[in-house]
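work.txt (compact mmCIF, C-alpha atoms (C1' of nucleotides))
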# COMPACT_ATOMS: atom_id res chain seq x y z
CA MET A 334 0.00 0.00 0.00
CA ILE A 335 1.43 3.28 -1.09
CA ILE A 336 0.32 6.56 0.36
CA ARG A 337 -0.47 9.18 -2.24
CA GLY A 338 0.70 12.26 -0.49
CA SER A 339 3.08 15.25 -0.09
CA ASP A 340 6.46 16.67 1.34
CA ALA A 341 9.01 16.30 4.19
CA ALA A 342 10.95 18.06 6.86
CA PRO A 343 13.92 16.77 8.76
CA ILE A 344 14.58 18.32 12.11
CA SER A 345 17.79 19.28 13.64
CA PHE A 346 18.44 20.66 17.07
CA SER A 347 21.58 22.50 17.96
CA ARG A 348 23.83 20.82 20.39
CA ASN A 349 22.83 22.44 23.70
CA GLY A 350 21.74 19.24 25.32
CA LEU A 351 19.35 18.58 22.52
CA SER A 352 19.63 16.40 19.52
CA LYS A 353 19.50 16.14 15.77
CA ALA A 354 16.34 14.89 14.21
CA MET A 355 15.50 13.57 10.86
CA PRO A 356 12.67 13.23 8.41
CA GLU A 357 10.00 10.89 9.65
CA LEU A 358 6.70 10.03 8.01
CA PRO A 359 5.20 13.56 8.14
CA GLU A 360 8.28 15.23 6.71
CA VAL A 361 8.53 12.67 3.90
CA GLU A 362 4.82 13.09 3.23
CA ILE A 363 5.19 16.87 2.99
CA THR A 364 8.15 16.52 0.65
CA VAL A 365 6.18 14.22 -1.65
CA ARG A 366 3.14 16.51 -1.68
CA MET A 367 5.24 19.52 -2.58
CA LEU A 368 7.35 17.83 -5.23
CA ARG A 369 4.53 15.88 -6.88
CA PRO A 370 2.94 18.68 -8.93
CA MET A 371 6.37 19.92 -9.96
CA LEU A 372 7.70 16.57 -11.15
CA ILE A 373 4.91 14.48 -12.61
CA GLY A 374 5.21 14.37 -16.38
CA ARG A 375 8.78 15.63 -16.46
CA SER A 376 11.67 13.52 -17.73
CA ILE A 377 15.09 12.86 -16.29
CA THR A 378 17.64 13.45 -19.01
CA GLY A 379 20.77 12.87 -17.01
CA ILE A 380 22.39 12.60 -13.63
CA GLU A 381 25.36 14.21 -11.94
CA ASN A 382 26.96 12.61 -8.92
CA ASP A 383 30.12 13.27 -6.96
CA TRP A 384 29.62 10.57 -4.36
CA PRO A 385 28.54 7.28 -5.99
CA ARG A 386 27.86 5.52 -2.69
CA GLN A 387 24.70 7.59 -2.42
CA ILE A 388 23.34 5.33 -5.18
CA ALA A 389 22.61 2.14 -3.27
CA THR A 390 21.54 0.09 -6.27
CA PRO A 391 22.24 -0.68 -9.05
CA GLU A 392 25.91 0.01 -9.67
CA PHE A 393 26.34 3.64 -10.69
CA ARG A 394 26.94 3.24 -14.43
CA LEU A 395 23.95 0.97 -14.77
CA PHE A 396 21.87 3.40 -12.72
CA GLN A 397 22.89 6.24 -14.99
CA GLU A 398 21.97 4.23 -18.06
CA ARG A 399 18.60 3.08 -16.76
CA ILE A 400 17.45 6.43 -15.35
CA SER A 401 18.24 8.41 -18.46
CA GLN A 402 15.24 9.66 -20.51
CA ARG A 403 12.74 8.23 -18.04
CA LYS A 404 9.52 10.14 -17.48
CA ILE A 405 8.20 10.51 -13.92
CA GLN A 406 4.65 9.15 -13.80
CA SER A 407 3.83 9.47 -10.13
CA LEU A 408 5.27 10.35 -6.76
CA ASP A 409 4.26 8.51 -3.61
CA ARG A 410 5.39 7.59 -0.13
CA ARG A 411 5.70 4.33 1.74
CA GLY A 412 7.04 4.56 5.29
CA LYS A 413 9.92 7.01 5.01
CA TYR A 414 10.66 6.18 1.38
CA ILE A 415 9.85 8.49 -1.51
CA ILE A 416 8.76 6.53 -4.57
CA PHE A 417 9.05 7.84 -8.13
CA THR A 418 7.23 5.59 -10.58
CA LEU A 419 8.94 5.80 -13.96
CA ASP A 420 7.48 5.18 -17.40
CA ASN A 421 9.38 1.95 -17.91
CA ASP A 422 7.80 0.34 -14.85
CA GLU A 423 10.90 0.92 -12.79
CA PHE A 424 10.90 2.77 -9.48
CA LEU A 425 13.30 5.37 -8.21
CA LEU A 426 13.32 5.32 -4.40
CA VAL A 427 14.86 7.92 -2.10
CA HIS A 428 15.38 7.58 1.65
CA LEU A 429 16.33 10.89 3.28
CA LYS A 430 17.63 9.30 6.49
CA MET A 431 18.76 12.01 8.91
CA THR A 432 19.73 15.03 6.86
CA GLY A 433 18.60 14.30 3.33
CA HIS A 434 16.68 16.95 1.42
CA LEU A 435 15.18 17.09 -2.07
CA SER A 436 14.61 20.32 -3.90
CA ILE A 437 14.10 21.62 -7.41
CA ALA A 438 16.35 24.36 -8.68
CA ALA A 439 17.13 26.11 -11.91
CA GLY A 440 20.21 24.66 -13.54
CA SER A 441 21.82 28.07 -13.38
CA GLU A 442 21.45 28.25 -9.61
CA LYS A 443 24.66 27.49 -7.72
CA PRO A 444 24.30 24.15 -5.89
CA ASP A 445 24.90 23.67 -2.19
CA PRO A 446 28.18 21.80 -1.62
CA HIS A 447 26.25 19.03 0.14
CA VAL A 448 24.30 18.15 -3.00
CA HIS A 449 25.83 14.88 -4.18
CA THR A 450 23.24 13.64 -6.67
CA THR A 451 21.55 15.86 -9.24
CA PHE A 452 18.85 14.71 -11.63
CA ILE A 453 18.78 16.88 -14.73
CA LEU A 454 15.22 17.46 -15.94
CA ASN A 455 14.14 17.90 -19.54
CA ASP A 456 13.60 21.66 -19.23
CA GLY A 457 16.96 22.34 -17.64
CA ASP A 458 15.73 22.42 -14.04
CA GLN A 459 17.34 20.06 -11.57
CA LEU A 460 16.11 17.78 -8.82
CA ARG A 461 18.82 17.99 -6.18
CA PHE A 462 19.49 15.53 -3.38
CA LYS A 463 21.36 17.31 -0.64
CA ASP A 464 22.58 15.35 2.36
CA VAL A 465 25.08 16.76 4.83
CA ARG A 466 25.62 13.50 6.68
CA LYS A 467 25.56 11.30 3.59
CA PHE A 468 23.28 8.72 5.20
CA GLY A 469 20.54 9.06 2.61
CA ARG A 470 20.31 6.60 -0.29
CA VAL A 471 18.85 6.34 -3.79
CA TYR A 472 17.61 3.07 -5.27
CA LEU A 473 16.43 2.08 -8.75
CA VAL A 474 14.45 -1.16 -8.85
CA ASN A 475 11.82 -2.87 -10.94
CA ASN A 476 10.24 -4.59 -7.96
CA LEU A 477 9.25 -2.41 -4.99
CA ASP A 478 9.24 -5.36 -2.63
CA GLU A 479 12.97 -5.58 -3.06
CA ILE A 480 13.27 -2.49 -0.85
CA LEU A 481 9.86 -2.09 0.78
CA GLY A 482 8.86 -5.71 1.26
CA GLN A 483 9.71 -5.89 4.92
CA LEU A 484 7.97 -2.68 6.00
CA GLY A 485 5.22 -2.84 8.59
CA PRO A 486 1.77 -1.27 8.18
CA GLU A 487 1.21 2.38 7.39
CA PRO A 488 0.04 4.06 10.60
CA LEU A 489 -2.32 6.36 8.70
CA ASP A 490 -3.82 3.57 6.63
CA ARG A 491 -7.52 2.93 7.17
CA ASP A 492 -6.76 -0.71 7.89
CA PHE A 493 -4.48 0.20 10.76
CA THR A 494 -6.92 0.32 13.66
CA GLY A 495 -6.61 0.28 17.44
CA GLU A 496 -7.57 -3.35 17.29
CA THR A 497 -4.80 -4.01 14.75
CA LEU A 498 -2.22 -2.40 17.01
CA HIS A 499 -3.49 -4.28 20.01
CA ARG A 500 -3.12 -7.58 18.14
CA MET A 501 0.37 -6.60 16.99
CA LEU A 502 1.52 -5.69 20.51
CA ARG A 503 -0.04 -8.68 22.19
CA GLY A 504 2.55 -11.28 23.01
CA ARG A 505 5.48 -9.15 21.85
CA ASN A 506 8.21 -9.49 24.43
CA ARG A 507 9.92 -6.26 23.48
CA VAL A 508 10.40 -2.84 25.00
CA LEU A 509 7.81 -0.51 23.50
CA LYS A 510 9.96 2.38 22.29
CA PRO A 511 12.47 0.36 20.24
CA LEU A 512 9.62 -1.75 18.89
CA LEU A 513 7.76 1.33 17.63
CA LEU A 514 10.96 2.50 15.92
CA ASP A 515 11.28 -0.84 14.16
CA GLN A 516 10.16 -0.16 10.56
CA THR A 517 9.08 -3.76 10.10
CA PHE A 518 6.64 -3.27 12.98
CA ILE A 519 5.16 0.06 11.87
CA ALA A 520 6.51 1.99 8.88
CA GLY A 521 7.30 5.66 9.27
CA LEU A 522 7.71 6.34 12.96
CA GLY A 523 11.01 7.87 14.05
CA ASN A 524 12.42 9.03 17.34
CA ILE A 525 10.58 12.33 17.57
CA TYR A 526 7.04 11.25 16.91
CA THR A 527 7.44 8.02 18.86
CA ASP A 528 8.37 10.02 21.95
CA GLU A 529 5.53 12.43 21.29
CA ALA A 530 2.96 9.68 20.73
CA LEU A 531 3.96 7.81 23.89
CA HIS A 532 3.72 11.01 25.89
CA ASP A 533 0.37 11.84 24.36
CA ALA A 534 -0.93 8.39 25.29
CA ALA A 535 0.64 8.70 28.76
CA ILE A 536 2.47 5.40 28.30
CA HIS A 537 6.02 4.92 29.57
CA PRO A 538 8.53 4.18 26.76
CA SER A 539 10.20 1.31 28.63
CA ARG A 540 6.99 -0.69 29.08
CA MET A 541 7.01 -4.14 27.53
CA ALA A 542 4.77 -4.26 24.46
CA LYS A 543 2.79 -7.22 25.74
CA SER A 544 1.95 -5.42 28.98
CA LEU A 545 -0.34 -2.88 27.29
CA THR A 546 -4.01 -3.28 28.00
CA LYS A 547 -6.52 -3.13 25.18
CA ILE A 548 -7.47 0.38 26.25
CA GLU A 549 -3.83 1.48 26.26
CA SER A 550 -3.26 0.00 22.80
CA HIS A 551 -6.24 1.92 21.49
CA LEU A 552 -5.01 5.10 23.18
CA LEU A 553 -1.57 4.66 21.67
CA HIS A 554 -3.07 4.04 18.26
CA GLN A 555 -5.08 7.23 18.54
CA SER A 556 -2.04 9.20 19.71
CA ILE A 557 0.21 7.91 16.91
CA ARG A 558 -2.35 8.94 14.31
CA SER A 559 -3.17 12.31 15.81
CA ILE A 560 0.50 13.24 16.30
CA LEU A 561 1.38 12.26 12.72
CA LEU A 562 -1.62 14.07 11.26
CA MET A 563 -0.87 17.18 13.31
CA ALA A 564 2.75 17.11 12.11
CA ILE A 565 1.59 16.86 8.50
CA ARG A 566 -0.85 19.73 9.04
CA ARG A 567 2.00 21.78 10.47
CA ASN A 568 4.33 20.93 7.61
CA GLY A 569 6.64 18.83 9.73
CA SER A 570 9.16 19.78 12.37
CA THR A 571 12.01 22.14 11.65
CA VAL A 572 14.70 22.73 14.16
CA ASP A 573 17.85 24.34 12.90
CA ASN A 574 18.23 22.61 9.54
CA PHE A 575 15.08 21.12 8.19
CA ARG A 576 13.51 22.80 5.24
CA LYS A 577 10.69 21.84 2.93
CA PRO A 578 11.57 21.50 -0.76
CA ASP A 579 10.74 25.16 -1.28
CA GLY A 580 13.17 26.17 1.46
CA THR A 581 10.59 27.16 4.05
CA PRO A 582 10.58 25.60 7.53
CA GLY A 583 7.86 23.47 9.10
CA GLU A 584 6.02 24.51 12.23
CA MET A 585 5.63 21.27 14.16
CA GLN A 586 8.75 21.86 16.26
CA ASN A 587 6.79 24.44 18.25
CA ALA A 588 4.27 21.80 19.22
CA LEU A 589 6.71 19.14 20.44
CA LYS A 590 5.97 18.42 24.09
CA VAL A 591 8.80 16.09 25.10
CA TYR A 592 11.27 15.60 22.25
CA GLY A 593 14.31 17.76 22.90
CA GLN A 594 12.61 19.19 26.00
CA ALA A 595 14.69 17.54 28.74
CA GLY A 596 14.49 19.61 31.90
CA ALA A 597 11.45 21.58 30.76
CA ASP A 598 8.10 21.26 32.50
CA CYS A 599 5.77 18.54 31.27
CA PRO A 600 2.85 20.40 29.66
CA ARG A 601 0.43 17.93 31.24
CA CYS A 602 1.61 17.64 34.84
CA GLY A 603 4.46 20.11 35.27
CA ALA A 604 7.08 17.55 36.28
CA PRO A 605 10.47 17.88 34.53
CA ILE A 606 10.83 16.03 31.22
CA GLN A 607 13.47 13.31 31.47
CA ARG A 608 15.86 11.95 28.91
CA MET A 609 17.13 8.38 28.88
CA VAL A 610 18.75 6.09 26.34
CA LEU A 611 16.53 3.24 25.22
CA GLY A 612 17.56 0.83 22.50
CA GLY A 613 20.53 3.12 21.92
CA ARG A 614 18.31 6.14 21.19
CA GLY A 615 17.68 9.29 23.15
CA THR A 616 14.22 8.97 24.66
CA HIS A 617 12.25 11.86 26.14
CA TYR A 618 9.40 11.29 28.55
CA CYS A 619 7.66 12.42 31.70
CA ALA A 620 8.37 10.02 34.56
CA ASN A 621 5.43 11.41 36.46
CA CYS A 622 2.51 11.06 34.07
CA GLN A 623 3.65 8.36 31.63
CA MET A 624 2.83 5.07 33.31
C1' DA B 1388 12.50 -13.43 18.73
C1' DA B 1389 15.05 -10.04 20.90
C1' DG B 1390 18.81 -7.14 21.78
C1' DA B 1391 23.52 -5.34 21.49
C1' DG B 1392 26.81 -3.24 18.74
C1' DA B 1393 28.80 -1.52 14.49
C1' DC B 1394 28.47 1.40 10.79
C1' DC B 1395 27.35 5.30 7.90
C1' DC B 1396 29.31 10.75 8.28
C1' DT B 1397 29.63 15.55 9.68
C1' DG B 1398 30.02 19.53 12.36
C1' DG B 1399 29.46 21.46 16.79
C1' DA B 1400 31.34 21.01 21.38
C1' DT B 1401 35.05 20.27 24.23
C1' DG B 1402 39.82 20.06 25.63
C1' DC B 1403 44.41 21.56 25.39
C1' DT C 598 42.65 32.27 20.08
C1' DG C 599 43.45 28.36 17.37
C1' DC C 600 43.82 23.68 16.55
C1' DA C 601 42.92 18.71 17.40
C1' DT C 602 39.89 15.36 18.95
C1' DC C 603 35.48 13.53 20.40
C1' DC C 604 31.00 11.98 19.75
C1' DA C 605 25.75 12.54 19.11
C1' DG C 606 22.37 11.37 16.08
C1' DG C 607 18.62 7.56 13.41
C1' DG C 608 18.08 3.59 10.56
C1' DT C 609 19.74 -0.69 9.14
C1' DC C 610 22.49 -4.61 9.17
C1' DT C 611 25.06 -8.26 11.43
C1' DC C 612 25.95 -11.10 15.10
C1' DT C 613 24.79 -13.49 19.30
Written form, structure tokens:
Amino acid sequence: MIIRGSDAAPISFSRNGLSKAMPELPEVEITVRMLRPMLIGRSITGIENDWPRQIATPEFRLFQERISQRKIQSLDRRGKYIIFTLDNDEFLLVHLKMTGHLSIAAGSEKPDPHVHTTFILNDGDQLRFKDVRKFGRVYLVNNLDEILGQLGPEPLDRDFTGETLHRMLRGRNRVLKPLLLDQTFIAGLGNIYTDEALHDAAIHPSRMAKSLTKIESHLLHQSIRSILLMAIRRNGSTVDNFRKPDGTPGEMQNALKVYGQAGADCPRCGAPIQRMVLGGRGTHYCANCQM
DNA sequence: AAGAGACCCTGGATGC
DNA sequence: TGCATCCAGGGTCTCT
């Protein structure tokens, strides 16, 4: 199931005790929505690349050959992947990871030094993939399952209900926070919105998945959906670095209640927000009202 | 099935 | 003040 949608915003906090953040489902969705009307129907006539490892598959020369002269038929999202459907039934996939960013620029415009892959479009404009940390990857495949086959359900899909989540959590002997970050469990959640959803549902991140009651599972389901939808409505979170494809920031960062808020008052109960490391990831929560 | 650790990479923070 | 070094940060893969 592919989500027909919009554009993305990675987040990035400066170093004062906070953290860097990356594009999660809402930011990828925003990116897709913004790029879609600008790209559908246009052709890729060539590619420039100064860091071939950004092309995950196939090998660069083959990639170059296969992408050339391809027309973009549609633009979609699945989890945190951006999917370009090409006119030869191949798919160009982009994962922004932490600092990736896609934008369209005139060919005459001087590129940012962190742009490593540039798709030349038929009218001279360019689709630029900028990525400071070089974690992001580009894939060209003829079978989507090759890359997306293992992804879990889409949290905003109609089929993903509270009952679904309850069934998925039941019997899972795993700590909740790392499980929610596992893309094969649910596709699209990242560190920021997982912390926010758990806080919203008043559930402690270190609870075991199987310990959630049916009511708690339904609450968490509702929180995951409402947090993601709010983030999409607010054009994603921008802290420091993140920009939408048109260069403007998102607004969701102003609505974050726990992520990056260590030491601040919990908006619900006033107790200080804590930070701990769970599954190797910074985790923000309120020890007083998340049970 | 679950979890720990490594790896990818950069730039801001820290130490000297 | 300037330079060198350290390490956070998220997703994925490998190994146990």
Using only C-alpha atoms (C1' of nucleotides), I'd like a table of the residues in chain A that come within 8 Å of chain B; for each, show the closest atom pair and its distance in Å rounded to one decimal, ordered by chain and ascending number, as a tab-separated table.
residue	atom	partner	partner_atom	distance
A:Arg348	CA	B:DG1399	C1'	6.7
A:Val465	CA	B:DT1397	C1'	6.8
A:Arg466	CA	B:DC1396	C1'	4.9
A:Lys467	CA	B:DC1396	C1'	6.0
A:Phe468	CA	B:DC1395	C1'	6.0
A:Asn506	CA	B:DA1389	C1'	7.7
A:Arg507	CA	B:DA1389	C1'	6.9
Measuring between all atoms listed in the file, which one of A:Gly504, A:Gly583, A:Gly495, A:Pro356 shows the shortest distance to chain C?
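Checking each of A:Gly504, A:Gly583, A:Gly495, A:Pro356 against chain C, counting all atoms listed in the file, the winner is A:Pro356.
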Can you tell me, as a PyMOL selection string, what residues are no more than 7 Å from region 412-423 of chain A when counting all atoms listed in the file, ignoring any on the same chain fewer than 2 positions away?
chain A and resi 357-358+361+365+403-410+425-428+473-475+487+520-521
Could you give me, as a tab-separated table, every chain C residue with an atom at most 12 Å from chain A, plus its closest atom pair and distance in Å to one decimal, counting only C-alpha atoms (C1' of nucleotides), rows ordered by chain then number?
residue	atom	partner	partner_atom	distance
C:DC604	C1'	A:Arg348	CA	11.4
C:DA605	C1'	A:Ser352	CA	7.2
C:DG606	C1'	A:Lys353	CA	5.6
C:DG607	C1'	A:Met431	CA	6.3
C:DG608	C1'	A:Lys430	CA	7.0
C:DT609	C1'	A:Gln516	CA	9.7
Just give me the gap between CA of Val448 (chain A) and CA of Gly374 (chain A) in Å, one decimal is fine.
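A separation of 23.6 Å between them.
The space between CA of Gln594 (chain A) and CA of Cys619 (chain A) spans 10.1 Å.
You will find CA of Arg461 (chain A) at 8.0 Å from CA of His434 (chain A).
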Skip region 549-562 of chain A itself and residues of its chain fewer than 6 positions away, then list as number ranges by chain all residues within 9 Å of it, counting all atoms listed in the file.
A: 358-359, 488-489, 493-500, 502, 522, 526-527, 529-536, 569
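Residue nearest Thr546 (chain A) within the list A:Gly379, A:Arg503, A:Ala604, A:Leu481: A:Arg503 [criterion: smallest interatomic distance, only C-alpha atoms].
With distances restricted to all atoms listed in the file, A:Arg567 is the closest residue to Glu362 (chain A) from A:Arg399, A:Arg375, A:Arg567, A:Arg540.
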Looking at all atoms listed in the file, which of A:Asn568, A:Ser441, A:Ser544, A:Ser436 is the one that sits closest to Met624 (chain A)?
A:Ser544
